[in-house]
Structures are given as C-alpha cells and as structure tokens.
file coords_20.cif (mmCIF, C-alpha atoms)
data_target
#
loop_
_atom_site.label_atom_id
_atom_site.label_comp_id
_atom_site.auth_asym_id
_atom_site.auth_seq_id
_atom_site.Cartn_x
_atom_site.Cartn_y
_atom_site.Cartn_z
CA MET H 22 28.83 -3.40 -8.46
CA THR H 23 29.72 -5.86 -5.70
CA GLU H 24 26.80 -6.89 -3.50
CA GLN H 25 27.30 -5.74 0.08
CA PRO H 26 27.53 -8.65 2.54
CA ILE H 27 24.22 -9.19 4.29
CA LYS H 28 25.73 -8.72 7.77
CA ASN H 29 27.08 -5.26 6.82
CA ARG H 30 23.87 -3.64 5.60
CA LEU H 31 20.36 -2.76 6.68
CA PRO H 32 17.58 -5.20 5.79
CA ARG H 33 15.92 -4.17 2.53
CA ILE H 34 12.15 -4.04 2.69
CA VAL H 35 9.82 -3.27 -0.21
CA VAL H 36 6.36 -2.04 0.80
CA ILE H 37 3.63 -2.15 -1.86
CA GLY H 38 0.21 -0.53 -1.76
CA GLY H 39 -1.52 2.81 -1.49
CA GLY H 40 -4.02 4.75 0.58
CA THR H 41 -4.03 5.93 4.17
CA GLY H 42 -3.19 2.57 5.75
CA LEU H 43 0.14 2.36 3.92
CA SER H 44 1.15 5.84 5.08
CA VAL H 45 0.25 5.10 8.72
CA MET H 46 2.35 1.93 8.70
CA LEU H 47 5.33 3.65 7.07
CA ARG H 48 5.45 6.24 9.87
CA GLY H 49 6.24 3.35 12.20
CA LEU H 50 8.61 1.50 9.86
CA LYS H 51 10.80 4.55 9.24
CA GLN H 52 11.76 4.47 12.94
CA LYS H 53 13.34 1.04 12.44
CA PRO H 54 16.82 0.35 10.99
CA LEU H 55 15.47 -0.66 7.58
CA ASP H 56 16.26 0.26 3.97
CA ILE H 57 12.70 1.06 2.76
CA THR H 58 11.39 1.23 -0.79
CA ALA H 59 7.70 2.07 -1.15
CA ILE H 60 6.02 1.12 -4.45
CA VAL H 61 2.77 3.05 -4.75
CA THR H 62 -0.34 2.61 -6.88
CA VAL H 63 -1.02 4.92 -9.85
CA ALA H 64 -4.67 3.95 -10.41
CA ASP H 65 -6.30 6.78 -8.41
CA ASP H 66 -8.67 8.92 -10.49
CA GLY H 67 -10.73 10.80 -7.91
CA GLY H 68 -10.53 14.25 -6.35
CA SER H 69 -7.46 16.44 -6.74
CA SER H 70 -5.40 13.51 -8.06
CA GLY H 71 -7.94 12.80 -10.79
CA ILE H 72 -8.10 16.43 -11.89
CA LEU H 73 -4.29 16.76 -12.11
CA ARG H 74 -4.05 13.38 -13.82
CA ASN H 75 -6.52 14.45 -16.53
CA GLU H 76 -5.42 18.06 -17.00
CA LEU H 77 -1.64 17.58 -16.84
CA GLN H 78 -1.42 14.00 -18.14
CA ILE H 79 0.62 12.84 -15.14
CA PRO H 80 0.18 9.83 -12.84
CA PRO H 81 -2.12 10.64 -9.89
CA PRO H 82 -0.03 12.25 -7.12
CA GLY H 83 -2.25 11.72 -4.04
CA ASP H 84 -1.04 8.33 -2.75
CA ILE H 85 2.57 9.24 -3.60
CA ARG H 86 2.17 12.50 -1.64
CA ASN H 87 0.90 10.67 1.44
CA VAL H 88 3.80 8.20 1.35
CA LEU H 89 6.40 10.96 0.84
CA ILE H 90 5.05 12.83 3.85
CA ALA H 91 4.96 9.65 5.95
CA LEU H 92 8.65 8.94 5.20
CA ALA H 93 9.82 12.57 5.26
CA ASP H 94 12.14 13.85 7.97
CA VAL H 95 10.49 17.25 8.35
CA GLU H 96 8.79 19.38 11.00
CA PRO H 97 5.13 18.50 11.69
CA LEU H 98 4.09 21.96 10.51
CA LEU H 99 5.59 21.30 7.07
CA SER H 100 3.72 17.98 6.90
CA ASP H 101 0.50 19.81 7.75
CA MET H 102 1.24 22.36 5.05
CA LEU H 103 1.82 19.69 2.39
CA GLN H 104 -1.48 18.04 3.36
CA TYR H 105 -3.32 21.39 3.35
CA ARG H 106 -6.31 21.30 1.01
CA PHE H 107 -7.60 24.58 -0.42
CA SER H 108 -11.28 25.13 0.29
CA ASN H 109 -11.70 28.25 -1.88
CA GLY H 110 -10.39 29.68 -5.10
CA THR H 111 -11.36 29.05 -8.71
CA GLY H 112 -9.29 26.09 -9.85
CA LEU H 113 -7.61 25.76 -6.44
CA ALA H 114 -10.49 24.47 -4.33
CA GLY H 115 -10.09 20.76 -3.53
CA HIS H 116 -6.38 20.59 -4.35
CA SER H 117 -3.80 19.76 -1.69
CA LEU H 118 -0.57 21.78 -1.67
CA GLY H 119 1.49 18.57 -1.81
CA ASN H 120 -0.26 17.45 -5.00
CA LEU H 121 0.42 20.83 -6.62
CA MET H 122 4.08 20.64 -5.56
CA LEU H 123 4.40 17.19 -7.15
CA ALA H 124 2.83 18.50 -10.34
CA ALA H 125 5.23 21.48 -10.35
CA MET H 126 8.26 19.27 -9.64
CA THR H 127 7.23 16.96 -12.51
CA ASP H 128 7.31 19.95 -14.86
CA ILE H 129 10.64 21.18 -13.47
CA ALA H 130 12.33 17.75 -13.48
CA GLY H 131 10.92 16.70 -16.86
CA ASP H 132 8.90 13.63 -15.85
CA PHE H 133 6.88 12.31 -12.92
CA VAL H 134 9.42 9.77 -11.65
CA SER H 135 12.20 12.40 -11.60
CA GLY H 136 9.80 14.81 -9.90
CA VAL H 137 9.08 12.29 -7.13
CA ARG H 138 12.82 11.67 -6.73
CA GLU H 139 13.63 15.39 -6.45
CA LEU H 140 10.81 16.11 -3.99
CA SER H 141 12.00 13.12 -1.93
CA ARG H 142 15.41 14.78 -1.71
CA VAL H 143 13.91 18.13 -0.69
CA LEU H 144 11.84 16.45 2.05
CA ALA H 145 14.74 14.28 3.31
CA VAL H 146 12.67 11.13 2.76
CA ARG H 147 13.97 8.06 4.61
CA GLY H 148 14.01 5.49 1.83
CA ARG H 149 12.74 5.56 -1.74
CA VAL H 150 9.26 6.21 -3.06
CA LEU H 151 8.48 4.82 -6.53
CA PRO H 152 5.26 4.81 -8.54
CA ALA H 153 4.31 1.28 -9.64
CA ALA H 154 4.57 2.53 -13.24
CA GLY H 155 5.73 5.71 -14.95
CA GLN H 156 2.24 6.33 -16.36
CA ALA H 157 -1.26 6.42 -14.94
CA ILE H 158 -3.27 3.24 -15.31
CA ILE H 159 -7.03 2.92 -15.66
CA LEU H 160 -8.65 0.40 -13.32
CA HIS H 161 -11.70 -1.56 -14.46
CA ALA H 162 -13.85 -3.99 -12.50
CA GLU H 163 -16.11 -6.79 -13.63
CA MET H 164 -18.96 -6.94 -11.16
CA ALA H 165 -20.90 -10.02 -10.06
CA ASP H 166 -23.67 -9.30 -12.58
CA GLY H 167 -21.17 -9.08 -15.46
CA THR H 168 -21.21 -5.29 -15.85
CA ILE H 169 -17.88 -3.47 -16.28
CA VAL H 170 -17.19 -0.39 -14.17
CA SER H 171 -14.30 1.89 -15.14
CA GLY H 172 -12.33 4.16 -12.83
CA GLU H 173 -10.94 3.47 -9.37
CA SER H 174 -13.27 5.98 -7.69
CA ASN H 175 -16.39 4.52 -9.35
CA ILE H 176 -15.84 0.86 -8.43
CA PRO H 177 -16.92 0.99 -4.74
CA LYS H 178 -20.05 2.94 -5.76
CA ALA H 179 -21.33 0.25 -8.15
CA GLY H 180 -23.40 -1.53 -5.49
CA GLN H 181 -22.35 -5.01 -6.66
CA PRO H 182 -19.80 -7.54 -5.39
CA ILE H 183 -16.56 -7.36 -7.37
CA LYS H 184 -15.73 -10.43 -9.44
CA ARG H 185 -12.33 -9.22 -10.66
CA VAL H 186 -10.39 -6.07 -11.49
CA PHE H 187 -8.09 -5.46 -14.44
CA ILE H 188 -5.92 -2.61 -15.68
CA GLU H 189 -5.49 -0.67 -18.89
CA PRO H 190 -3.04 -0.86 -20.52
CA GLU H 191 -2.73 -4.48 -19.38
CA ASN H 192 0.92 -4.74 -20.45
CA VAL H 193 2.03 -1.57 -18.65
CA GLU H 194 5.75 -1.53 -17.91
CA PRO H 195 6.81 -1.12 -14.28
CA LEU H 196 9.69 1.13 -13.32
CA GLU H 197 12.94 -0.77 -13.66
CA GLU H 198 13.94 0.61 -10.25
CA ALA H 199 10.84 -1.00 -8.73
CA VAL H 200 11.63 -4.38 -10.28
CA GLU H 201 15.24 -4.15 -9.09
CA ALA H 202 14.11 -3.21 -5.57
CA ILE H 203 11.90 -6.33 -5.44
CA ARG H 204 14.67 -8.56 -6.78
CA SER H 205 17.14 -7.37 -4.15
CA ALA H 206 14.63 -7.25 -1.26
CA ASP H 207 14.99 -9.25 1.95
CA ALA H 208 11.32 -8.65 2.77
CA ILE H 209 8.24 -7.73 0.73
CA LEU H 210 5.23 -6.26 2.52
CA ILE H 211 1.83 -5.80 0.87
CA GLY H 212 -1.01 -3.85 2.48
CA PRO H 213 -2.81 -2.49 4.32
CA GLY H 214 -5.11 -0.63 1.95
CA SER H 215 -8.14 -0.95 -0.28
CA LEU H 216 -7.92 -4.52 -1.58
CA TYR H 217 -9.25 -4.05 -5.12
CA THR H 218 -8.36 -0.40 -5.71
CA SER H 219 -4.99 0.10 -3.95
CA ILE H 220 -3.34 -3.31 -3.47
CA ILE H 221 -4.30 -5.56 -6.40
CA PRO H 222 -3.70 -2.86 -9.09
CA ASN H 223 0.03 -2.93 -8.23
CA LEU H 224 0.07 -6.72 -8.51
CA LEU H 225 -1.56 -6.55 -11.95
CA VAL H 226 1.50 -4.79 -13.39
CA PRO H 227 2.88 -7.95 -15.03
CA LYS H 228 6.62 -7.75 -14.33
CA LEU H 229 6.04 -6.50 -10.77
CA ALA H 230 3.91 -9.53 -9.91
CA GLN H 231 6.38 -11.92 -11.55
CA SER H 232 9.30 -10.38 -9.64
CA ILE H 233 7.43 -10.84 -6.35
CA VAL H 234 6.63 -14.48 -7.17
CA GLU H 235 10.28 -15.20 -8.05
CA SER H 236 11.73 -13.34 -5.05
CA GLU H 237 13.25 -15.31 -2.18
CA ALA H 238 12.36 -12.53 0.28
CA VAL H 239 10.01 -13.17 3.18
CA LYS H 240 6.56 -12.04 2.00
CA MET H 241 4.01 -10.51 4.35
CA PHE H 242 0.42 -9.35 3.97
CA VAL H 243 -1.05 -6.84 6.42
CA CYS H 244 -4.80 -7.35 6.41
CA ASN H 245 -7.23 -4.46 6.82
CA VAL H 246 -8.93 -4.10 10.18
CA MET H 247 -12.35 -3.23 8.76
CA THR H 248 -14.25 -4.25 5.63
CA GLN H 249 -14.76 -1.56 2.99
CA PRO H 250 -18.30 -0.85 1.75
CA GLY H 251 -18.68 -1.62 -1.94
CA GLU H 252 -15.35 -3.41 -2.04
CA THR H 253 -14.90 -6.08 0.64
CA ASP H 254 -18.35 -6.35 2.24
CA ASP H 255 -18.47 -9.27 4.73
CA TYR H 256 -14.92 -10.38 3.79
CA SER H 257 -12.93 -12.54 6.19
CA VAL H 258 -9.12 -12.64 6.23
CA SER H 259 -9.15 -15.72 3.96
CA ASP H 260 -11.45 -13.90 1.50
CA HIS H 261 -8.77 -11.21 1.11
CA LEU H 262 -6.17 -13.89 0.40
CA THR H 263 -8.47 -15.67 -2.06
CA ALA H 264 -8.91 -12.43 -4.02
CA VAL H 265 -5.15 -11.86 -4.28
CA GLN H 266 -4.48 -15.45 -5.34
CA ALA H 267 -7.30 -15.37 -7.91
CA HIS H 268 -5.77 -12.30 -9.57
CA ILE H 269 -2.11 -13.34 -9.39
CA GLY H 270 -2.43 -17.11 -9.69
CA HIS H 271 0.02 -17.75 -6.86
CA HIS H 272 0.08 -18.42 -3.13
CA LEU H 273 2.05 -15.23 -2.52
CA PHE H 274 2.61 -14.78 1.22
CA ASP H 275 4.53 -16.48 4.02
CA TYR H 276 3.03 -14.45 6.88
CA ILE H 277 -0.34 -12.78 7.42
CA ILE H 278 -0.42 -9.98 10.00
CA VAL H 279 -3.90 -9.36 11.43
CA ASN H 280 -5.62 -7.52 14.23
CA ASN H 281 -7.24 -9.62 16.95
CA GLY H 282 -7.75 -6.75 19.40
CA GLU H 283 -11.21 -5.86 20.61
CA ILE H 284 -12.91 -2.98 18.80
CA PRO H 285 -15.15 -1.06 21.24
CA PRO H 286 -18.89 -1.50 20.55
CA GLN H 287 -19.43 2.25 20.06
CA VAL H 288 -16.70 2.27 17.41
CA GLN H 289 -18.20 -0.77 15.68
CA LEU H 290 -21.56 1.02 15.69
CA LYS H 291 -20.03 4.10 14.07
CA TYR H 292 -18.55 1.99 11.27
CA ALA H 293 -21.72 -0.10 10.90
CA GLU H 294 -23.62 3.08 9.98
CA LYS H 295 -21.38 3.27 6.88
CA GLY H 296 -21.70 -0.46 6.15
CA ALA H 297 -18.30 -1.55 7.51
CA LYS H 298 -17.48 -4.14 10.14
CA ALA H 299 -14.40 -5.85 11.57
CA VAL H 300 -12.68 -8.28 9.21
CA HIS H 301 -13.28 -11.75 10.64
CA LEU H 302 -10.12 -13.72 11.39
CA ASP H 303 -10.96 -17.27 10.23
CA LEU H 304 -7.72 -18.59 11.68
CA ASP H 305 -8.30 -22.31 10.95
CA GLU H 306 -8.93 -21.64 7.26
CA VAL H 307 -5.94 -19.30 6.88
CA THR H 308 -3.52 -21.73 8.56
CA ARG H 309 -5.02 -24.68 6.62
CA ARG H 310 -3.89 -22.94 3.45
CA GLY H 311 -0.31 -22.85 4.71
CA TYR H 312 -0.02 -19.24 5.87
CA LYS H 313 1.66 -18.36 9.17
CA VAL H 314 -0.40 -15.87 11.17
CA ILE H 315 0.80 -13.06 13.42
CA ALA H 316 -2.21 -11.81 15.39
CA ASP H 317 -2.09 -9.00 17.94
CA ARG H 318 -3.96 -5.92 19.14
CA LEU H 319 -3.00 -3.67 16.25
CA VAL H 320 -5.59 -0.90 16.30
CA LEU H 321 -5.89 2.60 17.69
CA PHE H 322 -9.02 4.72 17.64
CA ARG H 323 -9.00 8.49 17.46
CA THR H 324 -11.35 9.95 14.87
CA TYR H 325 -10.99 6.76 12.80
CA LEU H 326 -9.68 3.28 13.41
CA ARG H 327 -6.05 3.08 12.33
CA HIS H 328 -3.32 0.50 12.64
CA ASP H 329 -1.08 1.00 15.67
CA ALA H 330 2.02 1.96 13.67
CA ALA H 331 4.49 1.27 16.50
CA ARG H 332 3.12 -2.18 17.37
CA LEU H 333 2.67 -3.17 13.72
CA SER H 334 6.19 -2.10 12.75
CA HIS H 335 7.57 -4.00 15.76
CA HIS H 336 6.09 -7.26 14.46
CA ILE H 337 7.26 -6.56 10.91
CA TYR H 338 10.79 -5.76 12.06
CA GLN H 339 10.96 -8.90 14.20
CA LEU H 340 9.93 -11.03 11.21
CA VAL H 341 12.50 -9.37 8.97
CA GLU H 342 15.25 -9.73 11.58
CA SER H 343 14.57 -13.44 12.13
CA TRP H 344 14.52 -13.99 8.35
CA MET H 345 17.86 -12.17 8.02
CA GLU H 346 19.38 -14.27 10.82
CA ARG H 347 18.52 -17.42 8.90
CA LYS H 348 20.18 -16.01 5.77
CA ARG H 349 23.38 -14.83 7.50
#

call {"tool": "encode", "arguments": {"input": "coords_20.cif", "output": "structure tokens"}}
result
Amino acid sequence: MTEQPIKNRLPRIVVIGGGTGLSVMLRGLKQKPLDITAIVTVADDGGSSGILRNELQIPPPGDIRNVLIALADVEPLLSDMLQYRFSNGTGLAGHSLGNLMLAAMTDIAGDFVSGVRELSRVLAVRGRVLPAAGQAIILHAEMADGTIVSGESNIPKAGQPIKRVFIEPENVEPLEEAVEAIRSADAILIGPGSLYTSIIPNLLVPKLAQSIVESEAVKMFVCNVMTQPGETDDYSVSDHLTAVQAHIGHHLFDYIIVNNGEIPPQVQLKYAEKGAKAVHLDLDEVTRRGYKVIADRLVLFRTYLRHDAARLSHHIYQLVESWMERKR
C-alpha cells in the first residue's frame, strides 16, 4: 500500500498508558484533527477487571473501557450507562456495565482484541483502541527492601519504595497493530497515569519499547500533577523520568509537559490527608538532561484534581503541528 503524502493526511498520534488521566486527556485530543491510536495497559488485576480477568481468562477490561468511552462519539447518557457500576446483585455487585459488555463482545467476536474492535465500531470511537498485548500480564515489583510484591493492585499497598517493576511473561508479544501504529506515528505520547502500574508496564512489553526507541516521531511525556501514595511518594518530575529511563535503558522523550499552575491550599490539604502532594518541577535538572519542557496551568479541580483536557490537548496539538511542519 502506498504511503499517503504527509501533507494530505491527519497527524498520527499514538497515546500509551492507562488509568483515569489517560481518559481525561483523550477527551480533549479527540476534538483535534488527529488520527489517534490509544495503546492501553493490560496489567490491571483489581476490582471488576480482576474478577473478569480471573473468571473468564481475558485481559482486564477496565482501562480499555475508560478509553473507549473517552473516544466514543455517543450521547452523555450512554457514557454514564457504560460507566454504571452495579451496587447490588449476587455476582453483579461491583461490576461496571461497560466491563460486562466488553466481556460479552469478546465471547461473541471470538477474542478480546476483536471484541474491543467491534465495540469501538458500535460506539463510533474516534480513532483506534488497542490493548498493549492480546493477553493479560502479571505485574511484579521489587521493593526497596528486596521483597517481591505480585499484582498491580497490591504494589501501592506494600508500604515500601519501589525499586523496579517487571512483567510476567517477560517476553509477551505485543499486538502487531500496536507495533505498526508506533512505527508509522508522527507523535508518541506517554502518560499521564500511575507511573509504575499504568505507564511502565506498557514499556516493558519488549517489542513495544524497541519500536518507540527506534521511532522518528516526536515523543512527549505528560507528567502527573500529584504524587501517588505507595508509588511515587515525594517524586519530582526528574524522578519520574529517571524511573522510565532505568526500566527502558533509553532517554525516551523530546518534550515533557508539566503543570506549573497553583494548586489551592485547601485542595493540597485534601490530598495531603491521603499522602499525596504536588509533583515538584525541578526545571533545571530536567533541562540539564536535555529535555524540552512545556509548563502551563494544566489543572482543574472539581471533586478531584484533573488535567485541563482542553489546555493540555492544545499544547500537544501545537507540538505535533510544528513537528509535522518540519517534516513537510
């Protein structure tokens, strides 16, 4: 197939991660003229996802569900319905309707990847949503004291700093579609999300990481706004980057996108009660390492602090556009 000239097509962006932060950002990105592929972690083992993973032997659907809903072109009421979590019922309590639909579609379509593809079509998803691998992976962590903790949901509860994480099976094969999306990408965006349990697990899939390293796309990292108790306690921006580089063995990113907006004291206090605080932007250290930094007021506060999807996607799109101009 002949490659479409760069001036005649939308910029191709691959977004890699998992968790709530990724979904929030994608709601903003889907409003931009971009060809989006989201590659989503399959390491989740808690809650409804963990139960379905164990009982049906499928990859965990929760993060995939959130991303599908974020990119779907549907009425808000349908989004609410897919996110609806049953509070009663033997066997039903705790499950979200969207997770059950993904499980059903997997059975109908014959495998999880086909199920995701078919549900994407039903929901008129803008872009593609791909699991990082066609099978669930088990995440392990070596803690600072040398103990090994198994299971994504158990790692933040261990009460020890994380030394490293690793996956089982370690030679898991990524989806070929995911590798191809990375190879043909104009931009690769990693984060936001839980550093050790949502972001790094994707990068530990060997061929995925290698494809990112070899890609000539512009590579961006969206840093979390707040530290995560049991995972990134007291981490600065450069600590996040150190962790990624230690696991992958490469200086991966061109641009780091960070929040430098003021977080109201009452909000900081609310998060401090749970052991979280704002991620410190150690700008001199980050730039000394050769990263370019985009810093702006990127947070909104409602019930929780979230990235400002519109402002964040504006910066991402501007970076992608300027990169494309240089390539044209």

call {"tool": "atom_distance", "arguments": {"input": "coords_20.cif", "atom1": "atom CA of H:Ala316", "atom2": "atom CA of H:Ile278"}}
result
6.0 Å

call {"tool": "resolve_selection", "arguments": {"input": "coords_20.cif", "expression": "the PyMOL selection byres ((chain H and resi 191-193) around 9)", "output": "list in words"}}
result
Ala154, Gly155, Gln156, Ile158, Phe187, Ile188, Glu189, Pro190, Glu194, Pro195, Leu225, Val226, Pro227 and Lys228 of chain H

call {"tool": "resolve_selection", "arguments": {"input": "coords_20.cif", "expression": "the PyMOL selection byres ((chain H and resi 104) around 12)", "output": "PDB file with C-alpha atoms, in the coordinates of the input"}}
result
ATOM      1  CA  SER H  69      -7.460  16.440  -6.740  1.00  0.00           C
ATOM      2  CA  GLY H  83      -2.250  11.720  -4.040  1.00  0.00           C
ATOM      3  CA  ASP H  84      -1.040   8.330  -2.750  1.00  0.00           C
ATOM      4  CA  ILE H  85       2.570   9.240  -3.600  1.00  0.00           C
ATOM      5  CA  ARG H  86       2.170  12.500  -1.640  1.00  0.00           C
ATOM      6  CA  ASN H  87       0.900  10.670   1.440  1.00  0.00           C
ATOM      7  CA  VAL H  88       3.800   8.200   1.350  1.00  0.00           C
ATOM      8  CA  LEU H  89       6.400  10.960   0.840  1.00  0.00           C
ATOM      9  CA  ILE H  90       5.050  12.830   3.850  1.00  0.00           C
ATOM     10  CA  ALA H  91       4.960   9.650   5.950  1.00  0.00           C
ATOM     11  CA  PRO H  97       5.130  18.500  11.690  1.00  0.00           C
ATOM     12  CA  LEU H  98       4.090  21.960  10.510  1.00  0.00           C
ATOM     13  CA  LEU H  99       5.590  21.300   7.070  1.00  0.00           C
ATOM     14  CA  SER H 100       3.720  17.980   6.900  1.00  0.00           C
ATOM     15  CA  ASP H 101       0.500  19.810   7.750  1.00  0.00           C
ATOM     16  CA  MET H 102       1.240  22.360   5.050  1.00  0.00           C
ATOM     17  CA  LEU H 103       1.820  19.690   2.390  1.00  0.00           C
ATOM     18  CA  TYR H 105      -3.320  21.390   3.350  1.00  0.00           C
ATOM     19  CA  ARG H 106      -6.310  21.300   1.010  1.00  0.00           C
ATOM     20  CA  PHE H 107      -7.600  24.580  -0.420  1.00  0.00           C
ATOM     21  CA  GLY H 115     -10.090  20.760  -3.530  1.00  0.00           C
ATOM     22  CA  HIS H 116      -6.380  20.590  -4.350  1.00  0.00           C
ATOM     23  CA  SER H 117      -3.800  19.760  -1.690  1.00  0.00           C
ATOM     24  CA  LEU H 118      -0.570  21.780  -1.670  1.00  0.00           C
ATOM     25  CA  GLY H 119       1.490  18.570  -1.810  1.00  0.00           C
ATOM     26  CA  ASN H 120      -0.260  17.450  -5.000  1.00  0.00           C
ATOM     27  CA  LEU H 121       0.420  20.830  -6.620  1.00  0.00           C
ATOM     28  CA  MET H 122       4.080  20.640  -5.560  1.00  0.00           C
TER      29      MET H 122
END

call {"tool": "resolve_selection", "arguments": {"input": "coords_20.cif", "expression": "the PyMOL selection byres ((chain H and resi 37) around 9)", "output": "list of chain:residue names"}}
result
H:Val35, H:Val36, H:Gly38, H:Gly39, H:Leu43, H:Thr58, H:Ala59, H:Ile60, H:Val61, H:Thr62, H:Ala153, H:Ile209, H:Leu210, H:Ile211, H:Gly212, H:Pro213, H:Ile220, H:Asn223, H:Leu224

call {"tool": "closest_residue", "arguments": {"input": "coords_20.cif", "among": "H:Leu319, H:Ala64, H:Leu273, H:Val95", "to": "H:Ser171", "atoms": "only C-alpha atoms"}}
result
H:Ala64

call {"tool": "atom_distance", "arguments": {"input": "coords_20.cif", "atom1": "atom CA of H:Phe322", "atom2": "atom CA of H:Val288"}}
result
8.1 Å

call {"tool": "atom_distance", "arguments": {"input": "coords_20.cif", "atom1": "atom CA of H:Val314", "atom2": "atom CA of H:Lys298"}}
result
20.7 Å

call {"tool": "closest_residue", "arguments": {"input": "coords_20.cif", "among": "H:Lys240, H:His268, H:His161, H:His301", "to": "H:Asp207", "atoms": "only C-alpha atoms"}}
result
H:Lys240

call {"tool": "residues_around", "arguments": {"input": "coords_20.cif", "residues": "H:Gln266", "least_positions_apart": "5", "cutoff": "12 Å", "atoms": "all atoms listed in the file", "output": "PyMOL selection string"}}
result
chain H and resi 185+221+224-225+230+234+259-261+271-274+310

call {"tool": "write_last_selection", "arguments": {"input": "coords_20.cif", "atoms": "C-alpha atoms", "output": "mmCIF file, keeping the file's coordinate frame"}}
result
data_model
loop_
_atom_site.group_PDB
_atom_site.id
_atom_site.type_symbol
_atom_site.label_atom_id
_atom_site.label_comp_id
_atom_site.auth_asym_id
_atom_site.auth_seq_id
_atom_site.Cartn_x
_atom_site.Cartn_y
_atom_site.Cartn_z
ATOM 1 C CA ARG H 185 -12.330 -9.220 -10.660
ATOM 2 C CA ILE H 221 -4.300 -5.560 -6.400
ATOM 3 C CA LEU H 224 0.070 -6.720 -8.510
ATOM 4 C CA LEU H 225 -1.560 -6.550 -11.950
ATOM 5 C CA ALA H 230 3.910 -9.530 -9.910
ATOM 6 C CA VAL H 234 6.630 -14.480 -7.170
ATOM 7 C CA SER H 259 -9.150 -15.720 3.960
ATOM 8 C CA ASP H 260 -11.450 -13.900 1.500
ATOM 9 C CA HIS H 261 -8.770 -11.210 1.110
ATOM 10 C CA HIS H 271 0.020 -17.750 -6.860
ATOM 11 C CA HIS H 272 0.080 -18.420 -3.130
ATOM 12 C CA LEU H 273 2.050 -15.230 -2.520
ATOM 13 C CA PHE H 274 2.610 -14.780 1.220
ATOM 14 C CA ARG H 310 -3.890 -22.940 3.450
#

call {"tool": "residues_around", "arguments": {"input": "coords_20.cif", "residues": "stretch 330-344 of chain H", "least_positions_apart": "4", "cutoff": "10 Å", "atoms": "only C-alpha atoms", "output": "ChimeraX atom specification"}}
result
/H:31-34,42-55,207-210,238-241,243,276,278-280,315-321,348-349

call {"tool": "closest_residue", "arguments": {"input": "coords_20.cif", "among": "H:Arg323, H:Lys184, H:His328, H:Arg204", "to": "H:Ser232", "atoms": "only C-alpha atoms"}}
result
H:Arg204
